[in-house]
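Trainee: Here you go, data_4.cif (mmCIF, C-alpha atoms and all ligand atoms):
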data_target
loop_
_atom_site.label_atom_id
_atom_site.label_comp_id
_atom_site.auth_asym_id
_atom_site.auth_seq_id
_atom_site.Cartn_x
_atom_site.Cartn_y
_atom_site.Cartn_z
CA MET C 8 121.13 179.58 199.43
CA CYS C 9 120.35 176.29 201.07
CA ARG C 10 120.81 174.50 197.74
CA LEU C 11 124.44 175.44 197.93
CA ARG C 12 124.89 173.06 200.84
CA TYR C 13 124.08 170.17 198.56
CA VAL C 14 126.78 171.01 196.16
CA MET C 15 129.46 172.08 198.61
CA GLU C 16 131.68 169.54 200.18
CA HIS C 17 134.80 170.11 202.19
CA SER C 18 138.09 168.70 201.18
CA THR C 19 141.41 168.91 202.92
CA ARG C 20 144.11 170.27 200.74
CA ALA C 21 147.41 168.45 200.46
CA SER C 22 150.34 170.78 200.80
CA VAL C 23 153.33 170.78 198.52
CA HIS C 24 155.14 168.52 200.97
CA GLY C 25 152.41 165.90 200.92
CA ALA C 26 151.25 166.57 204.47
CA ALA C 27 147.61 167.55 204.82
CA GLU C 28 147.20 171.22 205.51
CA ASN C 29 144.68 172.18 208.08
CA VAL C 30 142.71 174.12 205.53
CA GLN C 31 139.11 173.28 204.73
CA LEU C 32 138.26 173.94 201.11
CA ALA C 33 134.72 174.49 199.95
CA LYS C 34 134.15 172.46 196.82
CA ALA C 35 131.11 172.66 194.57
CA VAL C 36 130.58 169.60 192.42
CA LEU C 37 128.16 170.35 189.61
CA SER C 38 129.36 167.88 187.01
CA ARG C 39 126.82 166.23 184.67
CA LYS C 40 123.92 168.42 185.76
CA GLN C 41 122.81 169.29 182.21
CA LEU C 42 123.45 172.93 182.99
CA LEU C 43 123.07 175.36 180.09
CA GLU C 44 124.62 178.24 181.98
CA PHE C 45 126.73 178.98 185.03
CA PRO C 46 124.47 178.59 188.16
CA GLU C 47 125.07 182.09 189.53
CA ASP C 48 122.07 181.87 191.88
CA GLU C 49 123.52 178.84 193.65
CA PHE C 50 126.41 180.88 194.94
CA SER C 51 124.75 184.27 195.36
CA GLY C 52 126.39 186.17 198.21
CA GLN C 53 128.76 183.31 198.98
CA GLU C 54 131.06 183.56 196.00
CA GLN C 55 134.11 184.25 198.12
CA LYS C 56 133.61 181.07 200.14
CA VAL C 57 134.03 178.82 197.14
CA ASN C 58 137.47 177.34 196.50
CA ILE C 59 136.80 174.62 193.94
CA ILE C 60 134.09 174.37 191.29
CA ASP C 61 133.63 171.36 189.04
CA LEU C 62 131.28 172.22 186.18
CA SER C 63 132.56 169.59 183.78
CA ARG C 64 130.27 167.70 181.39
CA ASN C 65 127.50 170.22 181.10
CA SER C 66 126.35 172.38 178.18
CA LEU C 67 127.74 175.77 179.19
CA SER C 68 128.57 178.11 176.32
CA CYS C 69 130.24 180.82 178.39
CA LEU C 70 131.18 181.96 181.87
CA PRO C 71 129.44 185.03 183.39
CA LYS C 72 131.26 188.29 184.15
CA SER C 73 130.39 187.64 187.79
CA ILE C 74 133.13 184.99 187.79
CA SER C 75 135.33 187.84 189.05
CA LEU C 76 133.56 187.62 192.45
CA TYR C 77 135.09 184.20 193.19
CA THR C 78 138.31 185.68 194.47
CA ASN C 79 139.20 182.61 196.57
CA MET C 80 138.72 180.10 193.78
CA ILE C 81 141.70 177.77 193.50
CA GLU C 82 140.47 175.21 190.96
CA LEU C 83 137.96 175.65 188.16
CA ASP C 84 137.02 172.70 185.94
CA ILE C 85 134.85 173.61 182.97
CA SER C 86 135.93 170.78 180.69
CA ASN C 87 133.55 169.05 178.27
CA ASN C 88 131.22 171.97 177.69
CA ARG C 89 130.63 174.21 174.66
CA ILE C 90 132.63 177.17 175.83
CA SER C 91 134.02 179.36 173.04
CA ARG C 92 135.40 182.22 175.10
CA ILE C 93 137.04 182.75 178.49
CA PRO C 94 135.81 186.10 179.91
CA ASP C 95 138.32 188.88 180.67
CA GLU C 96 137.08 188.85 184.27
CA ILE C 97 138.89 185.58 184.97
CA VAL C 98 142.01 187.66 185.53
CA ALA C 99 140.43 188.81 188.83
CA LEU C 100 140.81 185.29 190.27
CA LYS C 101 144.12 185.93 191.97
CA SER C 102 144.06 182.59 193.84
CA LEU C 103 143.32 180.44 190.78
CA ARG C 104 145.93 177.71 190.44
CA SER C 105 144.22 175.24 188.14
CA LEU C 106 142.06 175.95 185.09
CA ILE C 107 140.80 172.82 183.35
CA CYS C 108 139.08 173.70 180.09
CA LYS C 109 139.64 170.68 177.88
CA ASN C 110 137.21 169.59 175.18
CA ASN C 111 135.50 172.89 174.51
CA ARG C 112 135.39 175.22 171.52
CA LEU C 113 138.28 177.52 172.29
CA ASP C 114 140.54 178.96 169.63
CA THR C 115 143.54 181.13 170.29
CA GLY C 116 141.38 184.27 170.23
CA SER C 117 139.15 182.83 172.96
CA ILE C 118 141.74 183.56 175.63
CA PRO C 119 141.68 187.05 177.21
CA LYS C 120 144.54 189.35 176.13
CA ASP C 121 145.42 189.89 179.79
CA PHE C 122 145.34 186.20 180.66
CA GLY C 123 149.03 186.48 181.52
CA LYS C 124 147.97 188.37 184.65
CA CYS C 125 146.63 185.19 186.23
CA VAL C 126 149.57 185.29 188.60
CA SER C 127 148.90 182.09 190.56
CA LEU C 128 148.15 179.65 187.74
CA GLU C 129 150.11 176.41 187.92
CA VAL C 130 147.99 174.09 185.75
CA VAL C 131 146.29 175.01 182.47
CA ASN C 132 144.50 172.42 180.38
CA PHE C 133 143.26 173.57 176.97
CA SER C 134 143.48 170.14 175.34
CA GLY C 135 140.80 169.12 172.83
CA ASN C 136 140.01 172.57 171.48
CA THR C 137 140.59 174.19 168.08
CA MET C 138 143.64 176.38 168.67
CA LEU C 139 145.84 177.06 165.63
CA ASP C 140 148.54 178.81 167.64
CA PHE C 141 150.16 178.42 171.03
CA PRO C 142 148.41 181.02 173.25
CA MET C 143 151.16 183.60 173.79
CA GLN C 144 149.57 184.77 177.03
CA LEU C 145 150.69 181.52 178.64
CA THR C 146 154.33 182.49 178.14
CA GLU C 147 153.76 185.42 180.54
CA ILE C 148 152.73 183.18 183.44
CA GLY C 149 155.98 182.24 185.14
CA THR C 150 154.18 180.16 187.80
CA LEU C 151 152.97 177.52 185.31
CA LYS C 152 154.04 173.95 186.09
CA SER C 153 151.77 172.00 183.73
CA VAL C 154 150.50 173.03 180.31
CA TYR C 155 148.19 170.68 178.40
CA LEU C 156 147.43 171.65 174.80
CA GLY C 157 146.95 168.22 173.24
CA GLY C 158 144.48 167.65 170.43
CA ASN C 159 144.49 171.16 168.99
CA ARG C 160 145.87 172.30 165.60
CA ILE C 161 148.92 174.14 166.82
CA ARG C 162 151.54 174.52 164.07
CA GLN C 163 154.49 175.92 165.94
CA LEU C 164 155.81 176.79 169.37
CA PRO C 165 157.00 180.33 170.15
CA PRO C 166 160.59 180.90 171.35
CA GLU C 167 159.06 182.67 174.35
CA ILE C 168 158.19 179.25 175.73
CA GLN C 169 161.54 179.47 177.50
CA ASN C 170 159.95 182.02 179.88
CA LEU C 171 158.19 179.12 181.61
CA GLN C 172 161.11 178.32 183.88
CA ARG C 173 159.00 176.30 186.34
CA LEU C 174 157.34 174.12 183.72
CA GLU C 175 157.40 170.40 184.54
CA ILE C 176 154.85 168.98 182.09
CA LEU C 177 154.36 170.13 178.50
CA TYR C 178 151.73 168.13 176.62
CA LEU C 179 151.40 168.90 172.91
CA GLY C 180 150.38 165.50 171.51
CA GLY C 181 148.03 165.50 168.52
CA ASN C 182 148.83 168.87 166.98
CA GLN C 183 150.40 169.94 163.67
CA LEU C 184 153.89 170.83 164.84
CA THR C 185 156.64 170.37 162.25
CA SER C 186 159.59 171.32 164.43
CA ILE C 187 160.78 171.72 168.02
CA PRO C 188 162.29 175.12 168.81
CA VAL C 189 165.64 174.96 170.62
CA GLU C 190 164.16 177.20 173.32
CA VAL C 191 162.31 174.15 174.69
CA SER C 192 165.70 172.94 175.87
CA SER C 193 165.92 175.94 178.23
CA LEU C 194 163.26 174.58 180.60
CA PRO C 195 165.34 173.30 183.53
CA ARG C 196 162.48 171.59 185.41
CA LEU C 197 160.79 169.91 182.45
CA MET C 198 160.15 166.26 183.35
CA CYS C 199 157.56 165.22 180.78
CA LEU C 200 157.52 166.34 177.16
CA VAL C 201 154.79 164.91 174.92
CA LEU C 202 155.11 165.69 171.21
CA SER C 203 153.55 162.52 169.81
CA ASP C 204 151.17 162.55 166.82
CA ASN C 205 152.58 165.65 165.17
CA ARG C 206 154.59 166.20 161.95
CA ILE C 207 157.99 166.70 163.50
CA GLU C 208 160.90 165.83 161.22
CA ALA C 209 163.92 166.43 163.43
CA VAL C 210 164.87 166.55 167.10
CA PRO C 211 167.28 169.37 168.03
CA SER C 212 170.44 168.15 169.74
CA GLU C 213 169.90 170.86 172.40
CA LEU C 214 167.12 168.74 173.93
CA ALA C 215 169.95 166.85 175.63
CA GLN C 216 170.19 169.84 177.98
CA LEU C 217 166.87 168.86 179.61
CA ARG C 218 168.48 167.33 182.69
CA SER C 219 165.19 166.77 184.53
CA LEU C 220 163.51 164.99 181.62
CA LYS C 221 162.05 161.60 182.57
CA SER C 222 159.55 161.00 179.78
CA LEU C 223 159.84 161.93 176.11
CA SER C 224 157.03 160.96 173.74
CA LEU C 225 157.84 161.31 170.06
CA HIS C 226 155.74 158.52 168.53
CA ASN C 227 153.87 159.01 165.28
CA ASN C 228 155.96 161.78 163.80
CA ARG C 229 158.27 162.03 160.76
CA ILE C 230 161.56 161.68 162.58
CA THR C 231 164.35 160.01 160.64
CA THR C 232 167.11 160.01 163.26
CA LEU C 233 167.92 161.22 166.74
CA PRO C 234 170.92 163.41 167.52
CA PRO C 235 173.73 161.49 169.31
CA GLN C 236 173.56 163.93 172.23
CA ILE C 237 170.23 162.40 173.29
CA VAL C 238 172.18 159.57 174.92
CA SER C 239 173.27 161.99 177.65
CA LEU C 240 169.72 162.23 178.99
CA GLY C 241 170.57 160.00 181.92
CA ASP C 242 167.29 160.29 183.84
CA LEU C 243 165.07 159.41 180.92
CA CYS C 244 162.83 156.45 181.84
CA GLU C 245 160.35 156.56 178.96
CA LEU C 246 161.01 157.17 175.32
CA SER C 247 158.48 156.40 172.61
CA LEU C 248 159.52 156.41 168.97
CA ARG C 249 157.11 154.07 167.21
CA GLY C 250 155.46 155.35 164.08
CA ASN C 251 158.50 157.26 162.82
CA PRO C 252 160.46 156.51 159.63
CA LEU C 253 163.49 156.19 161.85
CA VAL C 254 165.43 153.44 160.27
CA VAL C 255 164.94 151.43 157.13
CA ARG C 256 163.14 153.83 154.87
CA PHE C 257 165.50 156.61 155.76
CA VAL C 258 168.56 154.58 154.92
CA ARG C 259 167.08 153.47 151.61
CA ASP C 260 166.19 157.02 150.66
CA LEU C 261 169.71 158.29 151.20
CA THR C 262 171.19 160.01 148.21
CA TRP C 263 174.85 160.54 147.75
CA GLN C 264 176.10 163.66 146.01
CA PRO C 265 179.45 162.92 144.34
CA PRO C 266 182.19 165.12 145.78
CA SER C 267 183.58 168.05 143.79
CA LEU C 268 187.12 168.11 142.42
CA LEU C 269 187.94 170.68 145.10
CA GLU C 270 186.73 168.25 147.76
CA LEU C 271 188.76 165.37 146.29
CA ALA C 272 191.91 167.51 146.06
CA GLY C 273 191.39 168.77 149.60
CA ARG C 274 190.95 165.25 150.92
CA SER C 275 194.16 164.13 149.21
CA ILE C 276 196.12 166.97 150.80
CA LYS C 277 194.70 166.33 154.28
CA ASN C 278 194.81 162.53 154.17
CA ARG C 279 198.43 162.46 152.96
CA GLY C 280 199.55 165.16 155.36
CA ILE C 281 200.86 167.41 152.56
CA PRO C 282 201.93 170.71 154.14
CA TYR C 283 200.39 173.97 152.92
CA THR C 284 201.14 177.60 153.77
CA THR C 285 199.85 181.05 152.90
CA GLU C 286 202.87 181.48 150.66
CA GLY C 287 201.72 178.83 148.27
CA LEU C 288 197.92 179.08 148.51
CA PRO C 289 195.30 181.83 148.65
CA HIS C 290 193.60 182.44 152.01
CA SER C 291 190.28 181.05 150.81
CA LEU C 292 191.87 177.67 150.09
CA ILE C 293 193.73 177.66 153.42
CA HIS C 294 190.42 178.32 155.13
CA TYR C 295 188.79 175.54 153.14
CA LEU C 296 191.50 173.03 154.00
CA ASP C 297 191.26 173.98 157.70
CA SER C 298 187.54 173.26 157.67
CA ALA C 299 188.07 169.52 157.13
CA GLN C 300 186.03 167.26 159.43
CA HIS C 301 187.24 163.88 160.58
CA CYS C 302 185.20 160.92 159.44
CA LEU C 303 183.33 159.52 162.47
CA ASN C 304 184.15 155.93 161.58
CA PRO C 305 186.81 154.93 164.14
CA LYS C 306 188.42 152.60 161.59
CA CYS C 307 188.78 155.39 159.05
CA SER C 308 191.37 158.12 159.32
CA GLY C 309 189.93 160.11 156.45
CA VAL C 310 188.40 163.57 156.32
CA TYR C 311 185.55 165.23 154.45
CA PHE C 312 184.56 168.80 153.66
CA THR C 313 181.01 169.36 152.40
CA SER C 314 180.38 166.00 150.76
CA ARG C 315 179.45 163.53 153.46
CA VAL C 316 177.24 160.54 153.97
CA GLU C 317 174.54 160.53 156.60
CA HIS C 318 174.90 157.26 158.41
CA ILE C 319 172.82 155.56 161.03
CA LYS C 320 174.68 154.25 164.04
CA PHE C 321 172.90 152.19 166.67
CA VAL C 322 173.74 152.97 170.26
CA ASP C 323 172.65 151.28 173.46
CA PHE C 324 170.61 153.63 175.56
CA CYS C 325 169.56 153.23 179.19
CA GLY C 326 170.13 149.50 178.74
CA LYS C 327 166.67 149.33 177.17
CA TYR C 328 166.88 150.65 173.66
CA ARG C 329 169.07 150.60 170.62
CA LEU C 330 168.82 154.10 169.25
CA PRO C 331 169.48 155.02 165.64
CA LEU C 332 171.71 158.07 165.83
CA MET C 333 172.93 160.26 163.02
CA GLN C 334 176.60 160.47 162.19
CA TYR C 335 178.52 161.59 159.12
CA LEU C 336 180.98 159.47 157.18
CA CYS C 337 183.37 160.34 154.37
CA SER C 338 181.90 158.02 151.74
CA PRO C 339 179.18 155.40 151.22
CA SER C 340 181.73 152.59 151.37
CA CYS C 341 183.03 153.80 154.72
CA THR C 342 181.30 151.94 157.54
CA SER C 343 182.56 151.11 160.99
CA SER C 344 183.29 147.56 159.86
CA SER C 345 185.40 148.69 156.93
CA GLY C 346 187.55 151.77 156.98
CA SER C 347 188.18 153.48 153.69
CA SER C 348 190.79 156.13 154.04
CA ASN C 349 192.02 155.13 150.61
CA TYR C 350 189.35 156.09 148.16
CA SER C 351 188.77 154.10 145.06
CA SER C 352 187.04 156.07 142.36
CA SER C 353 184.20 153.57 142.35
CA SER C 354 183.20 154.73 145.81
CA TYR C 355 181.83 157.90 144.34
CA THR C 356 180.24 156.83 141.12
CA SER C 357 176.89 155.56 142.21
CA SER C 358 174.31 156.60 144.73
CA SER C 359 174.11 154.48 147.83
CA ASP C 360 171.14 152.21 147.68
CA THR C 361 172.46 149.65 150.11
CA GLU C 362 171.37 149.58 153.70
CA SER C 363 173.84 150.39 156.39
CA GLU C 364 175.90 147.42 157.48
CA ASP C 365 175.38 148.43 161.07
CA GLU C 366 171.69 148.13 160.65
CA GLY C 367 172.00 144.62 159.29
CA ALA C 368 174.06 143.76 162.36
CA VAL C 369 171.25 144.71 164.72
CA PRO C 370 169.06 141.77 165.71
CA SER C 371 165.52 142.30 164.50
CA ASN C 372 164.04 142.00 167.98
CA LYS C 373 166.13 144.94 169.11
CA LEU C 374 165.20 146.90 166.03
CA LYS C 375 161.60 146.31 166.94
CA LYS C 376 162.20 147.77 170.35
CA VAL C 377 163.34 151.02 168.80
CA LEU C 378 160.34 151.24 166.55
CA LEU C 379 157.80 150.30 169.16
CA GLY C 380 159.39 152.49 171.75
ZN ZN G 1 185.56 157.41 156.51
#
Would you mind writing the file's structure down as structure tokens?
Ligand SMILES: [Zn+2]

Mentor:
Amino acid sequence: MCRLRYVMEHSTRASVHGAAENVQLAKAVLSRKQLLEFPEDEFSGQEQKVNIIDLSRNSLSCLPKSISLYTNMIELDISNNRISRIPDEIVALKSLRSLICKNNRLDTGSIPKDFGKCVSLEVVNFSGNTMLDFPMQLTEIGTLKSVYLGGNRIRQLPPEIQNLQRLEILYLGGNQLTSIPVEVSSLPRLMCLVLSDNRIEAVPSELAQLRSLKSLSLHNNRITTLPPQIVSLGDLCELSLRGNPLVVRFVRDLTWQPPSLLELAGRSIKNRGIPYTTEGLPHSLIHYLDSAQHCLNPKCSGVYFTSRVEHIKFVDFCGKYRLPLMQYLCSPSCTSSSGSSNYSSSSYTSSSDTESEDEGAVPSNKLKKVLLG
């Protein structure tokens, strides 16, 4: 009992508004004590007086069932141990706001099925474990503000992530994600999104809806372009893109499928303004002709149907970056410096192996900025 005094210290809690609340919190610091198991005896009979326990950097392999007695626990740090399972009893900690459990041996099955009933949790840190899947229980905890799952082996994010309407920080660096679900864009308070060191190939244009986003980390992925809508993220202060095949390789690898005769005929009709009506053409062709898209090159007045060229356009962003954005053009010879509403047959005969003229126009130091982020 008296030993507890050595490990308990009082700290004054800062309230949400930054002012110190007049609440004394009992904190037990037991970090780096070479503990092999949770020191239940230290707290015997006083479990409810403890608000914060730091048991990081020990050799614990589990937490005892008696953890349920710590009903006033607000923060529990059990990082850097050997823990392979969180006990079901943790759900009894109705005051728990912060659970730090990084660098342990947790997989997705290590989390209690009812973990979603931790109704006060705001911060969860499961980084540096061996999870293959995003723990679905987290999507049931609407109070979560920060979720850290970096350095696991997570392959995809569930659509249910949009349930986390109060989420401000989502850290998923160093996983095996190949895509970003559009549901991520439904998190109105998200300020920091870390997706670096994954296998992501594309960024959904819906991410532009993240109006609170200040920091977006995408470095070391497989991203070839960004959607133009990303420019509307006005509050973004940090954007990292280095380590992505964003520019040169992508442009070189472009292949150009020659347009069909239907496409060429359709373009001729649209570009020359030849009138067409249901009296002269079947409905399917009318529908096809109406589906024409305008070439995005401002100097070109042409249209395209299904045969289009992916083109990289560099856009100034936040005054700091030149971003390579994706746009579609009607033919490989159509660039913003040379319109080509009149098509010569040679435009279509070979695949485009030349780099975009726009890219050549970008000074190399600016190009570097994009790549280094
Ligand atoms: Zn064009």

Trainee: Give me, as a PyMOL selection string, all polymer residues having an atom no more than 7 Å from C:Ser63, counting all atoms listed in the file and skipping those fewer than 2 positions away in the same chain.

Mentor: chain C and resi 38-39+61+65+84-88

Trainee: As an exercise, work out the distance from atom CA of C:Lys221 to atom CA of C:Asn205 in Å and give it to one decimal place.

Mentor: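 We find that atom CA of C:Lys221 and atom CA of C:Asn205 lie 20.2 Å from each other.
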
Trainee: Quick one: distance from atom CA of C:Gly250 to atom CA of C:Pro211 in Å, one decimal?

Mentor: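 Separating atom CA of C:Gly250 from atom CA of C:Pro211 is a distance of 18.8 Å.
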
Trainee: Around the point (193.5, 174.4, 152.0) in the file's coordinates, collect all residues with an atom within 9 Å, using all atoms listed in the file, and return them as a ChimeraX atom specification.

Mentor: /C:273,276-277,283-284,288-299

Trainee: Using atom CA of C:Gln41 and atom CA of C:Leu83 as the two end points, give the distance in Å to one decimal.

Mentor: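 It comes out at 17.5 Å.
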
Trainee: Rank nothing, just name the residue among C:Leu100, C:Ile59, C:Val131, C:Ile107 nearest to C:Leu76, using only C-alpha atoms.

Mentor: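 Using only C-alpha atoms, C:Leu76 sits closest to C:Leu100.
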
Trainee: Would you mind telling me which residue in C:Gln334, C:Ser314, C:Ser308, C:Ser239 lies nearest to ligand ZN 1 (chain G) when using all atoms listed in the file?

Mentor: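 Closest residue, counting all atoms listed in the file: C:Ser308.
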
Trainee: Please list as a list in words every residue within 7 Å of C:Leu70, counting only C-alpha atoms and excluding residues in the same chain fewer than 4 positions away.

Mentor: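 That gives Phe45, Ile74, Ile93 and Pro94 of chain C.
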
Trainee: Residues of the last selection are to be written out with C-alpha atoms, as a CSV table (one decimal), in the frame of the given file.

Mentor:
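Contents of the output file result.csv:
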chain,number,residue,atom,x,y,z
C,45,PHE,CA,126.7,179.0,185.0
C,74,ILE,CA,133.1,185.0,187.8
C,93,ILE,CA,137.0,182.8,178.5
C,94,PRO,CA,135.8,186.1,179.9

Trainee: Nearest to C:Asn110: which of C:His226, C:Lys152, C:Arg64, C:Arg92 is it, counting all atoms listed in the file?

Mentor: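 Selected residue with least distance to C:Asn110: C:Arg64.
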
Trainee: Set the distance at 7 Å and use all atoms listed in the file: which residues neighbour C:Cys302 once local chain neighbours fewer than 4 positions away are removed? I'd like the list as a ChimeraX atom specification.

Mentor: /C:307-311,335-337

Trainee: Keeping only C-alpha atoms, write the selected residues as an mmCIF file, keeping the file's coordinate frame.

Mentor:
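And here's part13.cif as it stands now:
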data_model
loop_
_atom_site.group_PDB
_atom_site.id
_atom_site.type_symbol
_atom_site.label_atom_id
_atom_site.label_comp_id
_atom_site.auth_asym_id
_atom_site.auth_seq_id
_atom_site.Cartn_x
_atom_site.Cartn_y
_atom_site.Cartn_z
ATOM 1 C CA CYS C 307 188.780 155.390 159.050
ATOM 2 C CA SER C 308 191.370 158.120 159.320
ATOM 3 C CA GLY C 309 189.930 160.110 156.450
ATOM 4 C CA VAL C 310 188.400 163.570 156.320
ATOM 5 C CA TYR C 311 185.550 165.230 154.450
ATOM 6 C CA TYR C 335 178.520 161.590 159.120
ATOM 7 C CA LEU C 336 180.980 159.470 157.180
ATOM 8 C CA CYS C 337 183.370 160.340 154.370
#

Trainee: Quick one: axis-aligned box around all listed atoms of stretch 215-223 of chain C, 6 Å on every side, centre and edge lengths in Å to one decimal, written as lines of an AutoDock Vina configuration file.

Mentor:
center_x = 164.9
center_y = 165.4
center_z = 180.1
size_x = 22.6
size_y = 20.8
size_z = 20.9

Trainee: Pick the closest to ligand ZN 1 (chain G) from C:Pro305, C:Pro165, C:Gly123, C:Gly158: which is it, counting only C-alpha atoms and all ligand atoms?

Mentor: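 Ranked by minimum distance to ligand ZN 1 (chain G), first place goes to C:Pro305.
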
Trainee: With all atoms listed in the file as the counted atoms, please give the residues lying no more than 9 Å from C:Thr78, apart from itself and same-chain residues fewer than 3 positions off, as an MDAnalysis selection string.

Mentor: chainID C and resid 54:58 74:75 81 99:103

Trainee: Take stretch 206-220 of chain C, model N, CA and C atoms, and hand the result over as a compact mmCIF listing (two decimals), keeping the file's coordinate frame.

Mentor:
# COMPACT_ATOMS: atom_id res chain seq x y z
N ARG C 206 153.92 166.37 163.25
CA ARG C 206 154.59 166.20 161.95
C ARG C 206 156.06 166.56 162.06
N ILE C 207 156.62 166.29 163.22
CA ILE C 207 157.99 166.70 163.50
C ILE C 207 158.98 165.86 162.70
N GLU C 208 159.94 166.54 162.06
CA GLU C 208 160.90 165.83 161.22
C GLU C 208 162.25 165.65 161.87
N ALA C 209 162.58 166.52 162.83
CA ALA C 209 163.92 166.43 163.43
C ALA C 209 163.85 166.82 164.90
N VAL C 210 164.77 166.25 165.67
CA VAL C 210 164.87 166.55 167.10
C VAL C 210 166.15 167.36 167.32
N PRO C 211 166.05 168.58 167.86
CA PRO C 211 167.28 169.37 168.03
C PRO C 211 168.19 168.75 169.08
N SER C 212 169.49 168.77 168.81
CA SER C 212 170.44 168.15 169.74
C SER C 212 170.41 168.85 171.10
N GLU C 213 169.95 170.11 171.13
CA GLU C 213 169.90 170.86 172.40
C GLU C 213 168.96 170.23 173.41
N LEU C 214 168.04 169.37 172.96
CA LEU C 214 167.12 168.74 173.93
C LEU C 214 167.89 167.96 174.99
N ALA C 215 169.12 167.59 174.67
CA ALA C 215 169.95 166.85 175.63
C ALA C 215 170.25 167.68 176.87
N GLN C 216 169.96 168.98 176.81
CA GLN C 216 170.19 169.84 177.98
C GLN C 216 169.09 169.71 179.02
N LEU C 217 168.01 168.99 178.68
CA LEU C 217 166.87 168.86 179.61
C LEU C 217 167.20 167.82 180.68
N ARG C 218 167.94 168.26 181.69
CA ARG C 218 168.48 167.33 182.69
C ARG C 218 167.42 166.72 183.58
N SER C 219 166.24 167.33 183.67
CA SER C 219 165.19 166.77 184.53
C SER C 219 164.26 165.83 183.77
N LEU C 220 164.47 165.72 182.46
CA LEU C 220 163.51 164.99 181.62
C LEU C 220 163.46 163.50 181.97
